[in-house]
Structures are given as C-alpha cells and as structure tokens.
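As structure tokens, the structure follows; a few thoughts come after it.
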Amino acid sequence: MSVAEAIRKAAQQLDDISDTPRLDAELLMAHTLDISRSALLLNHMHGETPHEFQTLLERRIAHEPIAYITGHQEFWGLDFVVTPDVLIPRADSETLIEAAIGEFKDTPPMRILDLGTGSGALLLAALSHWGDARGTGIDQSAAALEVARHNARQLGLAGRTKFHQLDWRSQGWTDKLGAPFDLILCNPPYVETGADLAPNVRDYEPHDALFAGEAGLDDYRLLMPVLDKLRAQNAPVIFEIGAMQAEMVTAIALEYGLDTKIHLDLAGHPRAVITN
C-alpha cells in the first residue's frame with residue numbers, strides 16, 4: 001500500500017478518536033519513516049508503507065497521545081522530548097510565557113524559577129527568550145527531571161539551568177532553592193478529582209501532575225502562602241489555571257494579600273493568573 005493510501009485509510013480510522021485525524025496520520029507516518037512531516041508530504045507520498053506504521057496507528061486508535069508515540073512535542077517553537085512521566089506541553093501554556101514577556105518590557109528577569117517543571121517546557125522557553133537569564137526547575141518526580149535535563153541539553157541550555165527534586169507538599173522545601181527569583185512560573189495540578197477527562201489524558205498522562213483535590217485548588221492553596229519566600233520584591237508569579245478557575249484562584253491569592261491580574265489565552269479564556 002502506498003503511503004498516501006495508508007494515510008487516507010488511517011485518517012478514516014482516527015475520525016472518531018481525534019479532532020485532527022489527517023494530521024495524526026501524517027505525523028505517525030513521518031515518525032515511522034524518520035523524516036519531517038514536510039518531507040513526507042513533498043517527497044514520500046508515493047512510497048511503500050512500512051509495516052511498523054500499523055503498530056503506531058493501533059496505539060493511536062487506543063487513544064495514546066501522538067506526543068507519547070513519537071516522543072516529541074513542539075512548544076514555543078522548540079522541540080521537546082516527552083515521555084509518559086511528564087505532561088505533554090500544550091499551546092495553551094504558552095500563555096504564561098506571553099504573560100511573562102509582558103511583565104518585563106524594560107529590564108529582563110535574571111533568575112527564573114519553574115515550579116513543577118515536568119518536561120522543562122516553561123523554564124526552557126523562558127530561557128530561550130531571555131538569553132542572559134538563569135533558571136531553576138523543581139519537580140517531585142525524578143523521572144520527570146531526567147526528561148527536563150535531557151531537554152535542557154538538547155536545546156543548549158544546560159549551562160543556564162539547575163533542576164532539583166523537591167515536593168512543595170513537604171516541609172522546608174523553599175529553603176533549598178537559593179531565592180529570591182525575579183520571575184516564577186507554575187503550571188500546577190489543577191484538575192478536579194472527579195473530572196471526566198478524555199481517554200487520551202485520563203489513561204496516559206501522569207495523574208500526580210493533573211489532579212489537585214475536589215475543586216482542583218489544593219496546590220494553589222499550598223503555594224500562595226510561600227511565594228514571598230521565593231521571589232524578589234514585587235516579582236511576578238504566573239500560574240496556569242483552568243478555564244473556570246480565575247475567580248477562585250484570585251480569591252485564594254487575595255487571602256494572602258496578593259494582587260492579581262488575569263491573562264487570556266488565544267481563545268479568549270482565562271489561562272494565567274499573575275500575582276504581584
């Protein structure tokens with residue numbers, strides 16, 4: 001079967017699985033052939049389909065995310081390695097980088113902290129924008145930190161990064177970071193425990209990085225009280241939030257005397273809370 005025909009049939013099979021069935025089929029085929037999608041479309045559509053393609057397609061039909069199958073995800077124009085030990089970086093999270101850039105129009109941040117770094121996407125994207133900054137990422141997962149370190153090396157940013165295995169649910173974790181930081185980024189777990197998630201998220205992405213109690217607010221309540229131990233005076237702390245959480249997260253911040261602003265994502269939904 002030709003590559004073009006295999007992609008067409010695969011897209012049909014994925015129609016009920018994915019919002020982008022044709023794109024998924026093309027990405028799987030490009031990965032099977034070890035070429036870029038653009039090279040696939042330009043030069044390989046009439047070639048013969050490798051037998052490995054069917055194995056990858058069956059994984060996608062079982063709802064496994066494309067990023068875990070291929071091991072890669074683009075974020076902020078950068079290529080990140082991802083594994084099931086980390087959340088898949090999503091375009092919505094780029095809102096935090098955009099918000100941070102808006103906070104530093106004159107003097108750039110020199111020390112950046114990423115709380116719950118996962119793949120390192122937020123921290124490394126920020127460091128790619130501010131070439132003189134240095135960054136620290138923490139995560140409770142040793143496996144996630146290995147992914148982040150790998151990405152730092154691949155992107156040529158290892159010399160400007162440090163990663164620490166720390167859990168903000170434990171006592172004294174803030175004392176191990178050498179604060180203060182000029183910018184803090186955080187995409188904490190914020191999904192309600194009983195949320196009805198799509199199978200590609202529920203069955204594959206790490207639950208410790210997703211769920212945060214009955215209302216999805218547990219980690220905001222843990223982090224807000226200790227921000228002043230970590231940041232320089234009036235330094236912005238930017239949290240990702242769920243689309244319906246702006247009012248609740250703002251209320252938590254106000255309990256601790258923190259002023260807040262809301263930053264919308266490209267779809268016009270509240271996506272980031274900036275605290276000063």
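Ordered as shown in the structure tokens, chains take letters A, B, and onward, while each chain numbers its residues from 1 and ligands are numbered from 1 in the order shown.
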Kindly assemble as JSON lines a list of the region 2-39 of chain A residues that lie within 8 Å of region 51-61 of chain A, each paired with its nearest atom pair and their distance in Å to one decimal, using only C-alpha atoms, sorted first by chain and then by ascending residue number.
{"residue": "A:Ala10", "atom": "CA", "partner": "A:Leu57", "partner_atom": "CA", "distance": 7.2}
{"residue": "A:Gln13", "atom": "CA", "partner": "A:Ile61", "partner_atom": "CA", "distance": 7.5}
{"residue": "A:Leu14", "atom": "CA", "partner": "A:Ile61", "partner_atom": "CA", "distance": 6.3}
{"residue": "A:Ile17", "atom": "CA", "partner": "A:Ile61", "partner_atom": "CA", "distance": 6.5}
{"residue": "A:Ala25", "atom": "CA", "partner": "A:Leu57", "partner_atom": "CA", "distance": 7.6}
{"residue": "A:Leu28", "atom": "CA", "partner": "A:Leu56", "partner_atom": "CA", "distance": 6.7}
{"residue": "A:Met29", "atom": "CA", "partner": "A:Phe53", "partner_atom": "CA", "distance": 6.3}
{"residue": "A:Thr32", "atom": "CA", "partner": "A:Phe53", "partner_atom": "CA", "distance": 5.9}
field: Non-local contacts of region 230-241 of chain A (8 Å; only C-alpha atoms; under 4 positions in same chain excluded) as an NGL selection string
entry: :A and (93 or 96 or 99-100 or 103 or 174 or 177 or 179-188 or 190 or 226 or 245-246 or 249 or 270-276)
Just write the chosen residues, N, CA and C atoms, as a tab-separated table (two decimals), in the first residue's frame.
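Output file result02.tsv follows:
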chain	number	residue	atom	x	y	z
A	93	SER	N	-0.43	26.63	27.36
A	93	SER	CA	0.55	27.01	28.38
A	93	SER	C	1.52	28.08	27.88
A	96	LEU	N	1.52	31.59	29.48
A	96	LEU	CA	2.34	32.00	30.62
A	96	LEU	C	3.60	32.72	30.16
A	99	ALA	N	2.56	36.13	28.95
A	99	ALA	CA	2.27	37.00	30.10
A	99	ALA	C	3.57	37.47	30.76
A	100	ALA	N	4.54	36.57	30.86
A	100	ALA	CA	5.82	36.94	31.48
A	100	ALA	C	6.55	37.99	30.66
A	103	GLU	N	5.32	41.32	31.38
A	103	GLU	CA	5.69	41.84	32.69
A	103	GLU	C	7.10	42.43	32.70
A	174	THR	N	11.24	25.27	50.47
A	174	THR	CA	11.62	26.59	49.96
A	174	THR	C	13.04	26.98	50.38
A	177	LEU	N	16.34	26.44	47.74
A	177	LEU	CA	16.33	26.98	46.38
A	177	LEU	C	17.20	28.21	46.16
A	179	ALA	N	16.64	31.42	46.94
A	179	ALA	CA	15.84	32.56	46.50
A	179	ALA	C	16.62	33.85	46.78
A	180	PRO	N	16.24	35.00	46.23
A	180	PRO	CA	14.98	35.25	45.53
A	180	PRO	C	15.09	35.12	44.01
A	181	PHE	N	13.91	34.96	43.38
A	181	PHE	CA	13.80	34.86	41.93
A	181	PHE	C	13.06	36.07	41.38
A	182	ASP	N	13.42	36.47	40.17
A	182	ASP	CA	12.79	37.63	39.53
A	182	ASP	C	11.49	37.28	38.83
A	183	LEU	N	11.32	36.00	38.52
A	183	LEU	CA	10.12	35.52	37.85
A	183	LEU	C	9.89	34.08	38.28
A	184	ILE	N	8.64	33.77	38.64
A	184	ILE	CA	8.27	32.40	38.98
A	184	ILE	C	7.13	31.98	38.05
A	185	LEU	N	7.31	30.83	37.43
A	185	LEU	CA	6.29	30.24	36.56
A	185	LEU	C	5.80	28.95	37.20
A	186	CYS	N	4.52	28.66	37.03
A	186	CYS	CA	3.99	27.44	37.64
A	186	CYS	C	2.75	26.96	36.90
A	187	ASN	N	2.82	25.74	36.42
A	187	ASN	CA	1.65	25.05	35.89
A	187	ASN	C	1.36	23.89	36.83
A	188	PRO	N	0.63	24.16	37.93
A	188	PRO	CA	0.43	23.13	38.95
A	188	PRO	C	-0.69	22.17	38.54
A	190	TYR	N	-4.27	21.10	38.51
A	190	TYR	CA	-5.47	21.89	38.82
A	190	TYR	C	-6.77	21.24	38.34
A	226	VAL	N	3.69	30.78	50.39
A	226	VAL	CA	5.15	30.76	50.48
A	226	VAL	C	5.82	31.56	49.36
A	245	GLN	N	-11.47	28.70	36.61
A	245	GLN	CA	-10.90	28.84	37.95
A	245	GLN	C	-10.41	30.25	38.29
A	246	ALA	N	-10.54	31.20	37.39
A	246	ALA	CA	-9.96	32.52	37.61
A	246	ALA	C	-10.45	33.15	38.91
A	249	VAL	N	-9.07	31.13	42.09
A	249	VAL	CA	-7.64	31.29	42.33
A	249	VAL	C	-7.34	32.72	42.77
A	270	PRO	N	-9.67	32.68	30.32
A	270	PRO	CA	-8.69	32.91	31.38
A	270	PRO	C	-7.73	31.73	31.47
A	271	ARG	N	-6.42	31.99	31.37
A	271	ARG	CA	-5.47	30.90	31.37
A	271	ARG	C	-4.32	31.10	32.36
A	272	ALA	N	-4.08	32.36	32.74
A	272	ALA	CA	-2.99	32.63	33.67
A	272	ALA	C	-3.41	33.67	34.69
A	273	VAL	N	-3.01	33.45	35.94
A	273	VAL	CA	-3.16	34.42	37.00
A	273	VAL	C	-1.77	34.96	37.33
A	274	ILE	N	-1.61	36.27	37.26
A	274	ILE	CA	-0.33	36.92	37.57
A	274	ILE	C	-0.48	37.54	38.95
A	275	THR	N	0.38	37.16	39.88
A	275	THR	CA	0.35	37.75	41.22
A	275	THR	C	1.58	38.61	41.41
A	276	ASN	N	1.38	39.77	42.05
A	276	ASN	CA	2.48	40.70	42.35
A	276	ASN	C	2.50	41.03	43.85
message: What's the separation between CA of Trp130 (chain A) and CA of Phe104 (chain A), in Å to one decimal place?
response: 10.2 Å
message: as a PyMOL selection string, please: the residues near region 37-42 of chain A (cut-off 9 Å, only C-alpha atoms, same-chain neighbours under 2 positions excluded).
response: chain A and resi 3-4+26-27+29-31+33+35+44-45
Against region 63-82 of chain A, which residues of region 135-231 of chain A fall within 12 Å? For each one I want the closest pair of atoms and the distance in Å (one decimal), counting only C-alpha atoms, rows by chain and increasing residue number, as a Markdown table.
| residue | atom | partner | partner_atom | distance |
| --- | --- | --- | --- | --- |
| A:Ala143 | CA | A:Val82 | CA | 11.0 |
| A:Ala144 | CA | A:Val82 | CA | 9.1 |
| A:Leu145 | CA | A:Val82 | CA | 11.3 |
| A:Glu146 | CA | A:Val82 | CA | 10.5 |
| A:Val147 | CA | A:Val82 | CA | 6.9 |
| A:Ala148 | CA | A:Val81 | CA | 8.5 |
| A:Arg149 | CA | A:Val81 | CA | 10.3 |
| A:His150 | CA | A:Val81 | CA | 7.8 |
| A:Asn151 | CA | A:Phe80 | CA | 6.1 |
| A:Ala152 | CA | A:Phe80 | CA | 9.2 |
| A:Arg153 | CA | A:Phe80 | CA | 10.8 |
| A:Gln154 | CA | A:Phe80 | CA | 8.5 |
| A:Leu155 | CA | A:Leu78 | CA | 8.0 |
| A:Gly156 | CA | A:Leu78 | CA | 11.4 |
| A:Leu157 | CA | A:Leu78 | CA | 12.0 |
| A:Ala198 | CA | A:His63 | CA | 8.9 |
| A:Pro199 | CA | A:His63 | CA | 6.2 |
| A:Asn200 | CA | A:His63 | CA | 4.9 |
| A:Val201 | CA | A:Pro65 | CA | 7.9 |
| A:Arg202 | CA | A:His63 | CA | 9.9 |
| A:Asp203 | CA | A:Glu64 | CA | 8.0 |
| A:Tyr204 | CA | A:Glu64 | CA | 6.6 |
| A:Glu205 | CA | A:Pro65 | CA | 8.9 |
| A:Pro206 | CA | A:Tyr68 | CA | 11.9 |
Just to be explicit: take each residue in the selection above, keep C-alpha atoms, and write the result as an mmCIF file, in the first residue's frame.
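File written: again-v6.cif
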data_model
loop_
_atom_site.group_PDB
_atom_site.id
_atom_site.type_symbol
_atom_site.label_atom_id
_atom_site.label_comp_id
_atom_site.auth_asym_id
_atom_site.auth_seq_id
_atom_site.Cartn_x
_atom_site.Cartn_y
_atom_site.Cartn_z
ATOM 1 C CA ALA A 143 11.818 10.642 36.102
ATOM 2 C CA ALA A 144 10.337 13.976 35.031
ATOM 3 C CA LEU A 145 13.536 15.768 35.991
ATOM 4 C CA GLU A 146 15.548 13.425 33.774
ATOM 5 C CA VAL A 147 13.330 14.461 30.858
ATOM 6 C CA ALA A 148 13.811 18.140 31.723
ATOM 7 C CA ARG A 149 17.588 17.757 31.949
ATOM 8 C CA HIS A 150 17.650 15.983 28.600
ATOM 9 C CA ASN A 151 15.654 18.788 27.001
ATOM 10 C CA ALA A 152 17.966 21.399 28.501
ATOM 11 C CA ARG A 153 20.950 19.620 26.959
ATOM 12 C CA GLN A 154 19.256 19.180 23.585
ATOM 13 C CA LEU A 155 18.340 22.875 23.452
ATOM 14 C CA GLY A 156 21.795 24.032 24.505
ATOM 15 C CA LEU A 157 20.522 25.464 27.786
ATOM 16 C CA ALA A 198 -10.797 12.473 27.674
ATOM 17 C CA PRO A 199 -9.227 8.991 27.463
ATOM 18 C CA ASN A 200 -6.018 10.324 25.937
ATOM 19 C CA VAL A 201 -5.456 12.373 29.124
ATOM 20 C CA ARG A 202 -7.071 10.140 31.754
ATOM 21 C CA ASP A 203 -5.398 6.916 30.668
ATOM 22 C CA TYR A 204 -1.934 8.180 29.711
ATOM 23 C CA GLU A 205 -0.810 11.407 31.382
ATOM 24 C CA PRO A 206 0.640 11.338 34.931
#
statement: With distances taken over only C-alpha atoms, the candidate from A:Ala215, A:Leu266, A:Met224, A:Met1 nearest Met248 (chain A) is A:Ala215
field: Selection: 8 Å around Val191 (chain A), only C-alpha atoms, excl. self and same-chain fewer than 3 positions, as a PyMOL selection string
entry: chain A and resi 195+210-213+215-216+242
- request: Return the single residue from A:Ile252, A:Ile101, A:Leu166, A:Ala133 that is closest to Thr117 (chain A), with distances computed using only C-alpha atoms.
  value: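 Answer, going by the shortest atom-to-atom distance: A:Leu166.
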query: From the list A:Pro109, A:Gly116, A:Pro84, A:Gly131, which residue is nearest Trp168 (chain A) when using only C-alpha atoms?
result: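 Checking each of A:Pro109, A:Gly116, A:Pro84, A:Gly131 against Trp168 (chain A), counting only C-alpha atoms, the winner is A:Gly116.
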- prompt: Among region 46-246 of chain A, which residues carry a DSSP assignment of strand (DSSP E or B), reported as a VMD selection string?
  reply: chain A and resid 48 72 to 75 78 to 81 111 to 115 134 to 139 161 to 165 181 183 to 186 191 211 231 237 to 240
query: A:Met244, A:Asp114, A:Leu87, A:Lys229: which is nearest Gly172 (chain A), counting only C-alpha atoms?
result: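 Of A:Met244, A:Asp114, A:Leu87, A:Lys229, the one nearest Gly172 (chain A), counting only C-alpha atoms, is A:Lys229.
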field: Atom pair CA of Met110 (chain A) / CA of His164 (chain A): separation (Å)
entry: 18.7 Å
message: Please report the interatomic distance between CA of His269 (chain A) and CA of Asp92 (chain A) in Å with one decimal.
response: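 Interatomic distance, CA of His269 (chain A) to CA of Asp92 (chain A): 9.6 Å.
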- request: Using DSSP on the backbone coordinates, identify the residues of region 85-137 of chain A assigned to helix (DSSP H, G or I); present them as a PyMOL selection string.
  value: chain A and resi 91-103+121-129
Would you save the residues of that selection, restricted to C-alpha atoms, as a compact mmCIF listing (two decimals), in the first residue's frame?
# COMPACT_ATOMS: atom_id res chain seq x y z
CA ALA A 91 -0.15 25.55 23.28
CA ASP A 92 -2.42 26.97 26.00
CA SER A 93 0.55 27.01 28.38
CA GLU A 94 2.43 29.37 26.04
CA THR A 95 0.10 31.98 27.53
CA LEU A 96 2.34 32.00 30.62
CA ILE A 97 5.39 32.90 28.54
CA GLU A 98 3.46 35.64 26.75
CA ALA A 99 2.27 37.00 30.10
CA ALA A 100 5.82 36.94 31.48
CA ILE A 101 7.19 38.84 28.49
CA GLY A 102 4.52 41.46 29.09
CA GLU A 103 5.69 41.84 32.69
CA ALA A 121 8.91 23.44 28.75
CA LEU A 122 8.07 26.67 30.60
CA LEU A 123 11.53 27.22 32.04
CA LEU A 124 13.42 26.44 28.84
CA ALA A 125 11.06 28.53 26.71
CA ALA A 126 11.64 31.47 29.05
CA LEU A 127 15.42 30.98 28.94
CA SER A 128 15.30 30.84 25.15
CA HIS A 129 13.68 34.28 25.18
